[in-house]
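With mmCIF, C-alpha atoms inside, this is data-v2.cif:
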data_run
#
loop_
_atom_site.label_atom_id
_atom_site.label_comp_id
_atom_site.auth_asym_id
_atom_site.auth_seq_id
_atom_site.Cartn_x
_atom_site.Cartn_y
_atom_site.Cartn_z
CA MET A 29 -35.41 -38.68 -11.93
CA LEU A 30 -33.94 -36.73 -14.83
CA GLU A 31 -31.33 -34.02 -14.80
CA PRO A 32 -33.06 -30.63 -14.61
CA SER A 33 -32.46 -28.31 -17.51
CA THR A 34 -30.39 -25.20 -16.94
CA ARG A 35 -32.33 -23.26 -19.58
CA LYS A 36 -34.80 -20.70 -18.27
CA ASN A 37 -38.52 -21.52 -18.48
CA ASP A 38 -37.91 -24.99 -19.92
CA ARG A 39 -40.37 -26.61 -17.59
CA GLU A 40 -42.63 -23.81 -16.41
CA PRO A 41 -46.14 -25.08 -17.22
CA GLY A 42 -47.51 -21.63 -17.87
CA ALA A 43 -44.64 -20.33 -19.95
CA ARG A 44 -45.72 -18.27 -22.95
CA ALA A 45 -44.77 -19.71 -26.33
CA GLU A 46 -41.78 -17.88 -27.76
CA PRO A 47 -41.80 -16.72 -31.40
CA VAL A 48 -40.14 -18.99 -33.94
CA ALA A 49 -37.93 -17.57 -36.70
CA ARG A 50 -38.78 -18.30 -40.33
CA ARG A 51 -35.34 -19.85 -40.76
CA ALA A 52 -36.22 -22.33 -38.00
CA TRP A 53 -39.19 -23.65 -39.99
CA LEU A 54 -37.06 -23.97 -43.13
CA THR A 55 -34.43 -25.83 -41.14
CA LEU A 56 -37.09 -28.15 -39.72
CA ALA A 57 -38.39 -28.88 -43.23
CA LEU A 58 -34.89 -29.62 -44.54
CA ALA A 59 -34.01 -31.81 -41.56
CA THR A 60 -37.25 -33.77 -41.88
CA ALA A 61 -36.63 -34.30 -45.59
CA GLY A 62 -33.13 -35.56 -44.86
CA PHE A 63 -34.39 -37.91 -42.18
CA THR A 64 -37.02 -39.24 -44.60
CA VAL A 65 -34.62 -39.89 -47.49
CA ASN A 66 -31.99 -41.56 -45.33
CA PHE A 67 -34.55 -43.73 -43.54
CA TRP A 68 -35.96 -44.71 -46.93
CA ALA A 69 -32.53 -46.03 -47.81
CA TRP A 70 -32.04 -47.59 -44.36
CA ALA A 71 -35.23 -49.67 -44.79
CA LEU A 72 -34.72 -50.95 -48.33
CA LEU A 73 -33.95 -54.54 -47.31
CA SER A 74 -36.99 -55.09 -45.10
CA PRO A 75 -39.71 -55.28 -47.81
CA LEU A 76 -37.49 -57.64 -49.83
CA GLY A 77 -36.84 -59.97 -46.89
CA PRO A 78 -39.47 -62.57 -47.88
CA ARG A 79 -38.23 -62.49 -51.50
CA PHE A 80 -34.63 -63.08 -50.44
CA GLU A 81 -35.86 -65.85 -48.16
CA ASP A 82 -37.27 -67.65 -51.19
CA SER A 83 -34.52 -66.88 -53.71
CA LEU A 84 -31.59 -67.61 -51.38
CA ALA A 85 -33.31 -70.35 -49.31
CA LEU A 86 -32.79 -68.46 -46.05
CA SER A 87 -33.90 -69.78 -42.69
CA SER A 88 -36.23 -67.69 -40.52
CA PHE A 89 -33.29 -66.63 -38.37
CA GLN A 90 -31.12 -65.71 -41.38
CA GLN A 91 -33.89 -63.53 -42.79
CA SER A 92 -34.30 -61.85 -39.40
CA LEU A 93 -30.54 -61.25 -39.26
CA LEU A 94 -30.57 -59.75 -42.76
CA VAL A 95 -33.14 -57.08 -41.91
CA ALA A 96 -31.69 -56.47 -38.43
CA VAL A 97 -28.06 -55.74 -39.43
CA PRO A 98 -28.74 -52.24 -40.85
CA VAL A 99 -30.75 -51.49 -37.72
CA VAL A 100 -27.97 -52.32 -35.25
CA VAL A 101 -25.27 -50.53 -37.29
CA GLY A 102 -27.44 -47.46 -37.74
CA SER A 103 -28.20 -47.51 -34.04
CA LEU A 104 -24.66 -47.85 -32.69
CA GLY A 105 -23.41 -45.40 -35.30
CA ARG A 106 -25.58 -42.68 -33.78
CA VAL A 107 -23.23 -42.41 -30.82
CA PRO A 108 -20.17 -41.16 -32.78
CA VAL A 109 -22.34 -39.28 -35.29
CA GLY A 110 -24.11 -37.44 -32.46
CA ALA A 111 -20.76 -36.48 -30.94
CA LEU A 112 -19.49 -35.31 -34.34
CA THR A 113 -22.64 -33.23 -34.81
CA ASP A 114 -22.03 -31.50 -31.48
CA ARG A 115 -18.53 -30.66 -32.69
CA TYR A 116 -18.95 -29.87 -36.40
CA GLY A 117 -22.65 -29.08 -36.73
CA ALA A 118 -25.46 -30.47 -38.87
CA ARG A 119 -24.44 -28.28 -41.82
CA VAL A 120 -21.46 -30.62 -42.27
CA MET A 121 -22.98 -33.89 -41.05
CA PHE A 122 -26.26 -33.97 -43.02
CA PRO A 123 -24.56 -33.87 -46.46
CA LEU A 124 -21.80 -36.22 -45.26
CA VAL A 125 -24.13 -38.93 -43.95
CA SER A 126 -26.41 -38.70 -46.99
CA ALA A 127 -23.54 -38.95 -49.48
CA SER A 128 -21.96 -41.85 -47.58
CA THR A 129 -25.20 -43.85 -47.70
CA ILE A 130 -25.20 -43.77 -51.51
CA VAL A 131 -22.32 -46.28 -51.68
CA PRO A 132 -24.00 -49.28 -49.97
CA VAL A 133 -27.30 -48.52 -51.73
CA LEU A 134 -25.61 -48.82 -55.13
CA PHE A 135 -23.59 -51.86 -54.04
CA ILE A 136 -26.70 -53.82 -53.06
CA GLY A 137 -28.73 -52.72 -56.06
CA LEU A 138 -26.09 -53.36 -58.69
CA GLY A 139 -24.90 -56.79 -57.57
CA GLY A 140 -24.72 -57.23 -53.83
CA HIS A 141 -28.00 -59.14 -53.64
CA SER A 142 -26.87 -62.48 -55.04
CA SER A 143 -25.76 -64.05 -51.75
CA LEU A 144 -26.43 -63.76 -48.04
CA ALA A 145 -22.82 -62.70 -47.36
CA ALA A 146 -23.02 -59.84 -49.89
CA LEU A 147 -26.37 -58.69 -48.52
CA LEU A 148 -25.05 -58.70 -44.96
CA ALA A 149 -22.01 -56.68 -46.04
CA GLY A 150 -24.17 -54.18 -47.91
CA GLY A 151 -26.65 -54.04 -45.05
CA PHE A 152 -23.85 -53.30 -42.61
CA PHE A 153 -22.90 -50.10 -44.45
CA LEU A 154 -26.52 -49.33 -45.26
CA GLY A 155 -26.80 -48.71 -41.53
CA ILE A 156 -25.05 -45.36 -42.09
CA GLY A 157 -28.39 -43.94 -43.19
CA GLY A 158 -29.89 -44.73 -39.80
CA THR A 159 -27.40 -42.48 -38.00
CA VAL A 160 -28.95 -39.31 -39.46
CA PHE A 161 -31.36 -39.12 -36.53
CA ALA A 162 -28.50 -38.00 -34.28
CA VAL A 163 -27.77 -35.17 -36.72
CA GLY A 164 -31.29 -33.78 -36.92
CA VAL A 165 -32.33 -33.68 -33.26
CA PRO A 166 -29.60 -31.27 -32.05
CA LEU A 167 -30.10 -29.11 -35.16
CA VAL A 168 -33.86 -28.75 -34.59
CA THR A 169 -33.53 -28.38 -30.81
CA ALA A 170 -31.10 -25.47 -31.21
CA TRP A 171 -33.43 -23.59 -33.57
CA PHE A 172 -36.64 -23.82 -31.48
CA PRO A 173 -37.52 -22.29 -28.09
CA PRO A 174 -38.12 -24.71 -25.18
CA ARG A 175 -41.92 -24.68 -25.19
CA ARG A 176 -42.04 -25.49 -28.93
CA ARG A 177 -39.44 -28.26 -29.00
CA GLY A 178 -41.82 -31.15 -28.39
CA LEU A 179 -43.82 -30.34 -31.52
CA ALA A 180 -40.69 -29.51 -33.55
CA ILE A 181 -38.91 -32.75 -32.65
CA GLY A 182 -42.15 -34.63 -33.29
CA VAL A 183 -42.43 -33.15 -36.78
CA PHE A 184 -38.80 -34.02 -37.44
CA GLY A 185 -39.53 -37.54 -36.22
CA MET A 186 -42.06 -37.92 -39.02
CA GLY A 187 -39.00 -38.54 -41.18
CA MET A 188 -39.12 -42.11 -39.95
CA GLY A 189 -41.90 -42.35 -42.54
CA GLY A 190 -39.10 -43.03 -45.00
CA THR A 191 -39.66 -46.65 -44.01
CA ALA A 192 -43.24 -46.33 -45.30
CA ILE A 193 -41.95 -45.08 -48.66
CA SER A 194 -39.73 -48.13 -48.81
CA ALA A 195 -42.57 -50.46 -47.85
CA LEU A 196 -44.96 -49.01 -50.43
CA THR A 197 -42.57 -48.76 -53.38
CA THR A 198 -39.70 -51.26 -53.12
CA VAL A 199 -41.52 -54.45 -54.11
CA ARG A 200 -43.49 -52.71 -56.85
CA LEU A 201 -40.35 -51.14 -58.31
CA VAL A 202 -38.55 -54.49 -58.29
CA ASP A 203 -41.50 -56.14 -60.06
CA ALA A 204 -41.65 -53.33 -62.62
CA GLY A 205 -37.98 -52.78 -63.39
CA GLY A 206 -35.80 -55.34 -61.64
CA THR A 207 -33.94 -55.54 -58.35
CA ALA A 208 -31.71 -52.54 -59.05
CA THR A 209 -34.58 -50.08 -59.66
CA PRO A 210 -35.52 -49.01 -56.10
CA PHE A 211 -31.85 -48.78 -55.15
CA LEU A 212 -30.99 -46.53 -58.11
CA ILE A 213 -33.94 -44.23 -57.38
CA THR A 214 -33.01 -44.00 -53.70
CA ALA A 215 -29.38 -43.28 -54.53
CA ALA A 216 -30.49 -40.41 -56.77
CA ALA A 217 -32.68 -39.01 -53.99
CA LEU A 218 -29.78 -39.19 -51.52
CA ALA A 219 -27.46 -37.41 -53.97
CA GLY A 220 -29.99 -34.66 -54.56
CA TYR A 221 -30.54 -34.15 -50.85
CA ALA A 222 -26.80 -34.09 -50.13
CA VAL A 223 -26.43 -31.17 -52.55
CA VAL A 224 -29.50 -29.28 -51.27
CA SER A 225 -28.53 -29.70 -47.60
CA ALA A 226 -24.98 -28.53 -48.25
CA LEU A 227 -26.36 -25.35 -49.84
CA LEU A 228 -29.25 -24.53 -47.50
CA ILE A 229 -28.83 -25.97 -44.01
CA ARG A 230 -27.46 -23.60 -41.39
CA ASP A 231 -26.66 -24.28 -37.76
CA ALA A 232 -28.43 -22.10 -35.20
CA PRO A 233 -26.71 -18.81 -34.27
CA GLY A 234 -24.81 -19.11 -31.03
CA ARG A 235 -24.70 -22.91 -31.25
CA ALA A 236 -22.86 -24.32 -28.23
CA VAL A 237 -19.67 -26.03 -29.49
CA PRO A 238 -18.04 -28.34 -26.95
CA ALA A 239 -14.34 -27.83 -26.34
CA GLN A 240 -13.63 -31.21 -24.74
CA PRO A 241 -12.28 -34.12 -26.80
CA PRO A 242 -14.87 -36.69 -28.00
CA ALA A 243 -13.95 -39.42 -25.50
CA ARG A 244 -14.30 -37.07 -22.53
CA ARG A 245 -17.58 -35.71 -23.86
CA LEU A 246 -18.95 -39.22 -24.30
CA ALA A 247 -17.92 -40.10 -20.75
CA ARG A 248 -19.65 -36.97 -19.50
CA THR A 249 -22.77 -37.85 -21.48
CA CYS A 250 -22.82 -41.34 -20.01
CA ARG A 251 -22.74 -39.91 -16.49
CA LEU A 252 -25.99 -38.03 -17.07
CA ARG A 253 -28.97 -39.79 -15.57
CA VAL A 254 -31.19 -38.46 -18.36
CA THR A 255 -29.10 -40.39 -20.90
CA TRP A 256 -29.85 -43.82 -19.48
CA GLN A 257 -33.41 -43.22 -18.38
CA ALA A 258 -34.43 -41.75 -21.73
CA SER A 259 -32.55 -44.60 -23.43
CA ALA A 260 -34.63 -47.20 -21.60
CA LEU A 261 -37.88 -45.52 -22.58
CA TYR A 262 -36.82 -45.00 -26.20
CA ALA A 263 -35.67 -48.61 -26.52
CA VAL A 264 -39.27 -49.63 -25.88
CA THR A 265 -41.12 -46.97 -27.89
CA PHE A 266 -38.98 -46.39 -30.96
CA GLY A 267 -37.42 -49.85 -30.68
CA GLY A 268 -40.87 -51.39 -30.87
CA TYR A 269 -41.68 -49.29 -33.92
CA VAL A 270 -38.45 -50.30 -35.69
CA ALA A 271 -38.95 -53.96 -34.83
CA PHE A 272 -42.43 -54.09 -36.32
CA SER A 273 -41.56 -51.93 -39.31
CA VAL A 274 -38.82 -54.38 -40.35
CA TYR A 275 -40.39 -57.68 -39.22
CA LEU A 276 -44.12 -57.19 -39.76
CA PRO A 277 -44.08 -58.38 -43.41
CA THR A 278 -42.46 -61.64 -42.31
CA TYR A 279 -44.84 -61.97 -39.35
CA LEU A 280 -47.91 -61.48 -41.54
CA LYS A 281 -46.67 -63.80 -44.26
CA THR A 282 -45.69 -66.57 -41.86
CA GLY A 283 -48.39 -66.18 -39.22
CA TYR A 284 -51.38 -65.31 -41.42
CA GLY A 285 -50.41 -66.54 -44.88
CA LEU A 286 -50.56 -63.14 -46.59
CA ASP A 287 -48.75 -62.64 -49.87
CA GLN A 288 -45.72 -60.35 -50.01
CA ALA A 289 -47.51 -57.32 -51.48
CA ASP A 290 -50.40 -57.46 -48.99
CA ALA A 291 -48.02 -57.86 -46.06
CA ALA A 292 -45.93 -54.90 -47.24
CA ASN A 293 -49.05 -52.72 -47.62
CA ARG A 294 -50.20 -53.54 -44.09
CA MET A 295 -46.74 -52.79 -42.74
CA ALA A 296 -46.90 -49.45 -44.53
CA GLY A 297 -50.19 -48.68 -42.78
CA PHE A 298 -48.56 -49.46 -39.43
CA VAL A 299 -45.66 -47.13 -40.25
CA VAL A 300 -47.85 -44.28 -41.52
CA LEU A 301 -49.95 -44.27 -38.36
CA ALA A 302 -46.87 -44.38 -36.11
CA VAL A 303 -45.30 -41.54 -38.08
CA ALA A 304 -48.45 -39.42 -37.88
CA MET A 305 -48.66 -39.93 -34.11
CA ARG A 306 -45.09 -38.86 -33.40
CA PRO A 307 -45.71 -35.09 -33.70
CA VAL A 308 -49.00 -35.61 -31.85
CA GLY A 309 -47.00 -37.11 -28.98
CA GLY A 310 -44.63 -34.14 -29.03
CA TRP A 311 -47.49 -31.63 -29.20
CA LEU A 312 -49.30 -33.28 -26.29
CA SER A 313 -46.05 -33.32 -24.32
CA ASP A 314 -45.73 -29.56 -24.74
CA ARG A 315 -49.20 -29.18 -23.23
CA ILE A 316 -49.80 -31.91 -20.65
CA GLY A 317 -46.25 -33.13 -20.06
CA PRO A 318 -44.24 -36.01 -21.56
CA VAL A 319 -44.76 -38.37 -18.61
CA ARG A 320 -48.52 -38.44 -19.02
CA VAL A 321 -48.12 -39.15 -22.73
CA LEU A 322 -45.61 -41.92 -22.03
CA ARG A 323 -47.90 -43.53 -19.47
CA ALA A 324 -50.82 -43.66 -21.88
CA SER A 325 -48.62 -44.91 -24.73
CA LEU A 326 -46.96 -47.70 -22.77
CA GLY A 327 -50.28 -48.80 -21.31
CA ALA A 328 -51.71 -49.10 -24.81
CA VAL A 329 -48.69 -51.12 -26.00
CA LEU A 330 -49.13 -53.51 -23.06
CA VAL A 331 -52.80 -54.14 -23.80
CA ALA A 332 -52.33 -54.49 -27.57
CA ALA A 333 -49.35 -56.85 -27.30
CA LEU A 334 -51.18 -59.19 -24.92
CA ALA A 335 -54.25 -59.13 -27.17
CA GLN A 336 -52.17 -60.05 -30.23
CA ALA A 337 -50.37 -62.81 -28.30
CA THR A 338 -53.59 -64.83 -28.46
CA THR A 339 -53.22 -64.88 -32.28
CA PRO A 340 -56.68 -63.51 -33.01
CA SER A 341 -58.16 -63.29 -36.48
CA LEU A 342 -56.50 -60.57 -38.48
CA THR A 343 -59.83 -58.89 -39.19
CA PRO A 344 -60.71 -57.02 -37.11
CA THR A 345 -58.96 -57.89 -33.82
CA GLY A 346 -55.41 -58.34 -35.08
CA THR A 347 -55.59 -55.22 -37.22
CA ILE A 348 -56.92 -53.15 -34.31
CA ALA A 349 -54.17 -54.46 -32.01
CA PHE A 350 -51.40 -53.60 -34.46
CA LEU A 351 -52.81 -50.16 -35.24
CA ALA A 352 -53.16 -49.42 -31.52
CA MET A 353 -49.51 -50.39 -31.04
CA ALA A 354 -48.48 -48.21 -33.98
CA ALA A 355 -50.26 -45.16 -32.58
CA ALA A 356 -48.92 -45.73 -29.08
CA LEU A 357 -45.33 -46.34 -30.17
CA GLY A 358 -45.36 -43.25 -32.39
CA ALA A 359 -46.74 -40.97 -29.67
CA GLY A 360 -44.38 -42.45 -27.08
CA SER A 361 -41.36 -41.85 -29.31
CA GLY A 362 -42.34 -38.21 -29.66
CA ALA A 363 -42.78 -37.89 -25.90
CA VAL A 364 -39.32 -39.29 -25.11
CA PHE A 365 -37.56 -36.63 -27.16
CA ALA A 366 -39.83 -33.89 -25.89
CA LEU A 367 -38.58 -34.97 -22.48
CA LEU A 368 -34.96 -35.05 -23.60
CA ALA A 369 -35.22 -31.58 -25.20
CA LEU A 370 -36.22 -30.19 -21.79
CA THR A 371 -33.51 -31.91 -19.78
CA ALA A 372 -30.31 -32.44 -21.81
CA PRO A 373 -27.53 -29.80 -21.51
CA ALA A 374 -27.43 -27.56 -24.59
CA ASP A 375 -23.89 -28.49 -25.63
CA GLN A 376 -24.56 -32.23 -25.29
CA VAL A 377 -27.85 -32.64 -27.12
CA GLY A 378 -26.13 -34.41 -30.04
CA SER A 379 -24.19 -36.77 -27.79
CA VAL A 380 -27.21 -37.58 -25.63
CA THR A 381 -29.34 -38.03 -28.74
CA GLY A 382 -26.73 -40.40 -30.15
CA VAL A 383 -26.81 -42.66 -27.10
CA VAL A 384 -30.60 -42.53 -26.73
CA GLY A 385 -31.07 -43.05 -30.46
CA ALA A 386 -28.72 -46.03 -30.35
CA ALA A 387 -30.79 -47.52 -27.55
CA GLY A 388 -33.93 -47.07 -29.63
CA GLY A 389 -32.38 -48.72 -32.65
CA LEU A 390 -30.99 -51.59 -30.59
CA GLY A 391 -34.42 -51.96 -29.10
CA GLY A 392 -35.54 -52.67 -32.66
CA PHE A 393 -32.63 -55.02 -33.40
CA VAL A 394 -33.33 -57.62 -30.74
CA PRO A 395 -37.08 -58.35 -31.24
CA PRO A 396 -36.86 -59.56 -34.88
CA LEU A 397 -34.13 -62.00 -33.92
CA VAL A 398 -36.11 -63.18 -30.90
CA MET A 399 -39.33 -63.49 -32.89
CA GLY A 400 -37.59 -65.46 -35.64
CA ALA A 401 -35.87 -67.77 -33.15
CA LEU A 402 -39.05 -68.35 -31.13
CA TYR A 403 -41.10 -69.07 -34.22
CA GLY A 404 -38.47 -71.48 -35.47
CA ALA A 405 -38.47 -73.29 -32.10
CA HIS A 406 -42.18 -73.22 -31.24
CA GLY A 407 -44.06 -72.38 -34.43
CA SER A 408 -45.75 -69.43 -32.69
CA TYR A 409 -45.14 -65.72 -32.08
CA ALA A 410 -47.16 -65.64 -28.86
CA ILE A 411 -44.19 -65.81 -26.48
CA GLY A 412 -42.46 -62.92 -28.22
CA LEU A 413 -45.56 -60.73 -27.96
CA VAL A 414 -45.97 -61.55 -24.28
CA LEU A 415 -42.34 -60.52 -23.76
CA LEU A 416 -43.08 -57.21 -25.51
CA GLY A 417 -45.99 -56.66 -23.11
CA LEU A 418 -43.77 -57.35 -20.10
CA VAL A 419 -41.14 -54.89 -21.35
CA ALA A 420 -43.83 -52.22 -21.79
CA LEU A 421 -44.99 -52.92 -18.23
CA LEU A 422 -41.44 -52.42 -16.89
CA ALA A 423 -41.10 -49.15 -18.80
CA LEU A 424 -44.45 -48.03 -17.42
CA ALA A 425 -43.17 -48.73 -13.92
CA LEU A 426 -40.02 -46.70 -14.71
CA THR A 427 -42.06 -43.59 -15.55
CA GLY A 428 -43.99 -43.90 -12.29
CA ALA A 429 -40.81 -44.38 -10.27
CA GLY A 430 -39.41 -41.22 -11.83
CA GLU A 431 -42.28 -39.09 -10.54
CA ARG A 432 -42.03 -40.56 -7.05
CA SER A 433 -38.25 -40.14 -6.75
CA PRO A 434 -37.28 -37.15 -4.58
CA GLY A 435 -35.02 -34.44 -5.90
CA ARG A 436 -31.50 -35.23 -4.71
CA ARG A 437 -27.93 -34.65 -5.91
CA GLY A 438 -29.29 -32.16 -8.45
CA VAL A 439 -31.81 -34.63 -9.80
CA ALA A 440 -35.43 -33.67 -10.30
CA PRO A 441 -38.50 -35.84 -10.92
CA LEU A 442 -39.66 -36.31 -14.49
CA PRO A 443 -41.40 -33.17 -15.77
CA ARG A 444 -45.10 -33.60 -16.20
#
Represent the structure from my file as structure tokens, please.
Amino acid sequence: MLEPSTRKNDREPGARAEPVARRAWLTLALATAGFTVNFWAWALLSPLGPRFEDSLALSSFQQSLLVAVPVVVGSLGRVPVGALTDRYGARVMFPLVSASTIVPVLFIGLGGHSSLAALLAGGFFLGIGGTVFAVGVPLVTAWFPPRRRGLAIGVFGMGMGGTAISALTTVRLVDAGGTATPFLITAAALAGYAVVSALLIRDAPGRAVPAQPPARRLARTCRLRVTWQASALYAVTFGGYVAFSVYLPTYLKTGYGLDQADAANRMAGFVVLAVAMRPVGGWLSDRIGPVRVLRASLGAVLVAALAQATTPSLTPTGTIAFLAMAAALGAGSGAVFALLALTAPADQVGSVTGVVGAAGGLGGFVPPLVMGALYGAHGSYAIGLVLLGLVALLALALTGAGERSPGRRGVAPLPR
């Protein structure tokens, strides 16, 4: 199903773990910190969605659009940022993306929150922070040997916990010091990281630098079967995580009558569990194979989504369903990139990551809009959750089809 890797021992189940350089662990720590800080900025609007709904008299769809705009921009932006990372390296791109994100953060915090139009404009450029994922994956992949990449990419993926920092602190900081407070603090964190990353991050020795122009490289990336198949799986796993991390406060407030602080705390719990399970998914993929992890994860999402579609009481059934989805989506996200690290050509990891990452982000863009529209039309979220279950079922079928497909035209089945 996926393009076989050309790197020796990438998929040998008994391959001995190769030693990891100390510099690789430092690089992983720096990349994870950068991912965290930029995702913190990327998610600043989500916890404030219900507040903007009240202060600006937004409709359910307008509020969904407000929190979704940074997601779609950050997702589509991963395609060019991934290609630029292949060309110029993460040593250039990490400081550049972090510094660029400071501008929309300050704009929103210092005045761009007084109207829907200003918030949408600020949210559009806030999406820059979401592109950092396409910088970190090729950096980490290049520093770690094949049999350690699942765990390494999973640890890097914990940076998506920046959304938990936003969920836990944004509302409290606004209540304590005003609307500008969380934005000023985040801008300072971005500035500090931009300086640190410029001084300390190094690209791996012998990094493969593509010689082709960007358009030709993108066309080559799009011809890889791994690009589209991993994109479909990531759109479900990471897309589901993004969708709930941005829309869960609204869902809990509207569907269960929770106040804003309680809804934000519960969303933070969802995010923390998903973040913790991402390296677990990568670690398990290194040992039992990414397909097995994906199968278990998607099956759990299917069951939990259908259970929540019945609108059960929040305690304990609804809470269990959402936590099960969080764990499954986190582990599944880690498994997708463990799979990609074994199959993508070395000089195209950034480009492939950009496309796959865009698919994941877009997978998170659509559900909040659908959920808001369906609730506005029917007064219920049940249909949207059933649709999520059906999408998980289709993705589950895709993983099975990959193992059954014969090797042909240089294509191998999914690695176990």
I'd like the interatomic distance between CA of Pro277 (chain A) and CA of Ile181 (chain A), to a tenth of an Å.
28.3 Å
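Minimum distance to Val160 (chain A) across A:Ala236, A:Leu84, A:Ile213, A:Ala386 (counting only C-alpha atoms) occurs at A:Ala386.
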Given the PyMOL selection byres ((chain A and resi 276) around 10), the residues it picks as an MDAnalysis selection string:
chainID A and resid 74:75 270:275 277:283 291:292 294:296 298 350 396
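With all atoms listed in the file taken into account, the protein and nucleic acid residues at most 8 Å from Ala232 (chain A) (excluding it and anything under 5 positions from it in its own chain) are A:Leu167, A:Ala170, A:Trp171.
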Can you work out which one of A:Pro318, A:Pro395, A:Gly117, A:Gly417 has the shortest atom-to-atom distance to Pro233 (chain A), counting all atoms listed in the file?
A:Gly117
Between A:Leu201, A:Ala216, A:Ala180, A:Ala263, which is the closest to Gly310 (chain A) once you count all atoms listed in the file?
A:Ala180
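Going from CA of Leu124 (chain A) over to CA of Val65 (chain A), you cover 13.5 Å.
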For this structure, which residues satisfy the selection - the PyMOL selection byres ((chain A and resi 383) around 8) - when it is evaluated on the file as given? I want them as a count of residues only.
14
Go through the shown structure with the PyMOL selection byres ((chain A and resi 48-53) around 12) and write out the matching residues as a VMD selection string.
chain A and resid 45 to 47 54 to 60 167 to 177 179 to 181 183 to 184 228 to 233
Could you give me, as a CSV table (one decimal) with C-alpha atoms, in the frame of the given file, the residues within 12 Å of Thr338 (chain A), counting all atoms listed in the file and dropping anything in the same chain fewer than 4 positions from it?
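Below is the file out.csv, written as the result:
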chain,number,residue,atom,x,y,z
A,331,VAL,CA,-52.8,-54.1,-23.8
A,332,ALA,CA,-52.3,-54.5,-27.6
A,333,ALA,CA,-49.4,-56.8,-27.3
A,334,LEU,CA,-51.2,-59.2,-24.9
A,342,LEU,CA,-56.5,-60.6,-38.5
A,345,THR,CA,-59.0,-57.9,-33.8
A,346,GLY,CA,-55.4,-58.3,-35.1
A,349,ALA,CA,-54.2,-54.5,-32.0
A,408,SER,CA,-45.8,-69.4,-32.7
A,409,TYR,CA,-45.1,-65.7,-32.1
A,410,ALA,CA,-47.2,-65.6,-28.9
A,411,ILE,CA,-44.2,-65.8,-26.5
A,412,GLY,CA,-42.5,-62.9,-28.2
A,413,LEU,CA,-45.6,-60.7,-28.0
A,414,VAL,CA,-46.0,-61.6,-24.3
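If all atoms listed in the file are the atoms counted, then among A:Val377, A:Leu322, A:Ala423, A:Leu196 the closest residue to Ala363 (chain A) is A:Leu322.
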Tell me which of A:Met399, A:Val165, A:Val224, A:Ala420 sits closest to Ala96 (chain A), counting only C-alpha atoms.
A:Met399
Counting only C-alpha atoms, which of A:Ala356, A:Leu330, A:Leu148, A:Val308 gets nearest to Val100 (chain A)?
A:Leu148
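Interatomic distance, CA of Ser361 (chain A) to CA of Trp311 (chain A): 11.9 Å.
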So which residues touch Leu72 (chain A) within 10 Å, counting only C-alpha atoms, skipping near sequence neighbours fewer than 3 positions away, as a tab-separated table (two decimals) with C-alpha atoms, in the coordinates of the input?
chain	number	residue	atom	x	y	z
A	67	PHE	CA	-34.55	-43.73	-43.54
A	68	TRP	CA	-35.96	-44.71	-46.93
A	69	ALA	CA	-32.53	-46.03	-47.81
A	75	PRO	CA	-39.71	-55.28	-47.81
A	76	LEU	CA	-37.49	-57.64	-49.83
A	77	GLY	CA	-36.84	-59.97	-46.89
A	95	VAL	CA	-33.14	-57.08	-41.91
A	98	PRO	CA	-28.74	-52.24	-40.85
A	133	VAL	CA	-27.30	-48.52	-51.73
A	136	ILE	CA	-26.70	-53.82	-53.06
A	137	GLY	CA	-28.73	-52.72	-56.06
A	151	GLY	CA	-26.65	-54.04	-45.05
A	154	LEU	CA	-26.52	-49.33	-45.26
A	190	GLY	CA	-39.10	-43.03	-45.00
A	191	THR	CA	-39.66	-46.65	-44.01
A	193	ILE	CA	-41.95	-45.08	-48.66
A	194	SER	CA	-39.73	-48.13	-48.81
A	195	ALA	CA	-42.57	-50.46	-47.85
A	197	THR	CA	-42.57	-48.76	-53.38
A	198	THR	CA	-39.70	-51.26	-53.12
A	199	VAL	CA	-41.52	-54.45	-54.11
A	210	PRO	CA	-35.52	-49.01	-56.10
A	211	PHE	CA	-31.85	-48.78	-55.15
A	214	THR	CA	-33.01	-44.00	-53.70
A	274	VAL	CA	-38.82	-54.38	-40.35
Kindly output region 274-278 of chain A as a CSV table (one decimal), keeping the file's coordinate frame, after building N, CA, C and O atoms.
chain,number,residue,atom,x,y,z
A,274,VAL,N,-39.7,-53.5,-39.6
A,274,VAL,CA,-38.8,-54.4,-40.4
A,274,VAL,C,-39.3,-55.8,-40.4
A,274,VAL,O,-39.0,-56.6,-41.3
A,275,TYR,N,-40.0,-56.3,-39.3
A,275,TYR,CA,-40.4,-57.7,-39.2
A,275,TYR,C,-41.9,-58.0,-39.5
A,275,TYR,O,-42.2,-59.1,-39.8
A,276,LEU,N,-42.7,-56.9,-39.6
A,276,LEU,CA,-44.1,-57.2,-39.8
A,276,LEU,C,-44.4,-57.9,-41.1
A,276,LEU,O,-45.3,-58.8,-41.1
A,277,PRO,N,-43.8,-57.6,-42.2
A,277,PRO,CA,-44.1,-58.4,-43.4
A,277,PRO,C,-43.8,-59.9,-43.2
A,277,PRO,O,-44.6,-60.7,-43.7
A,278,THR,N,-42.7,-60.2,-42.6
A,278,THR,CA,-42.5,-61.6,-42.3
A,278,THR,C,-43.5,-62.2,-41.4
A,278,THR,O,-44.0,-63.4,-41.6
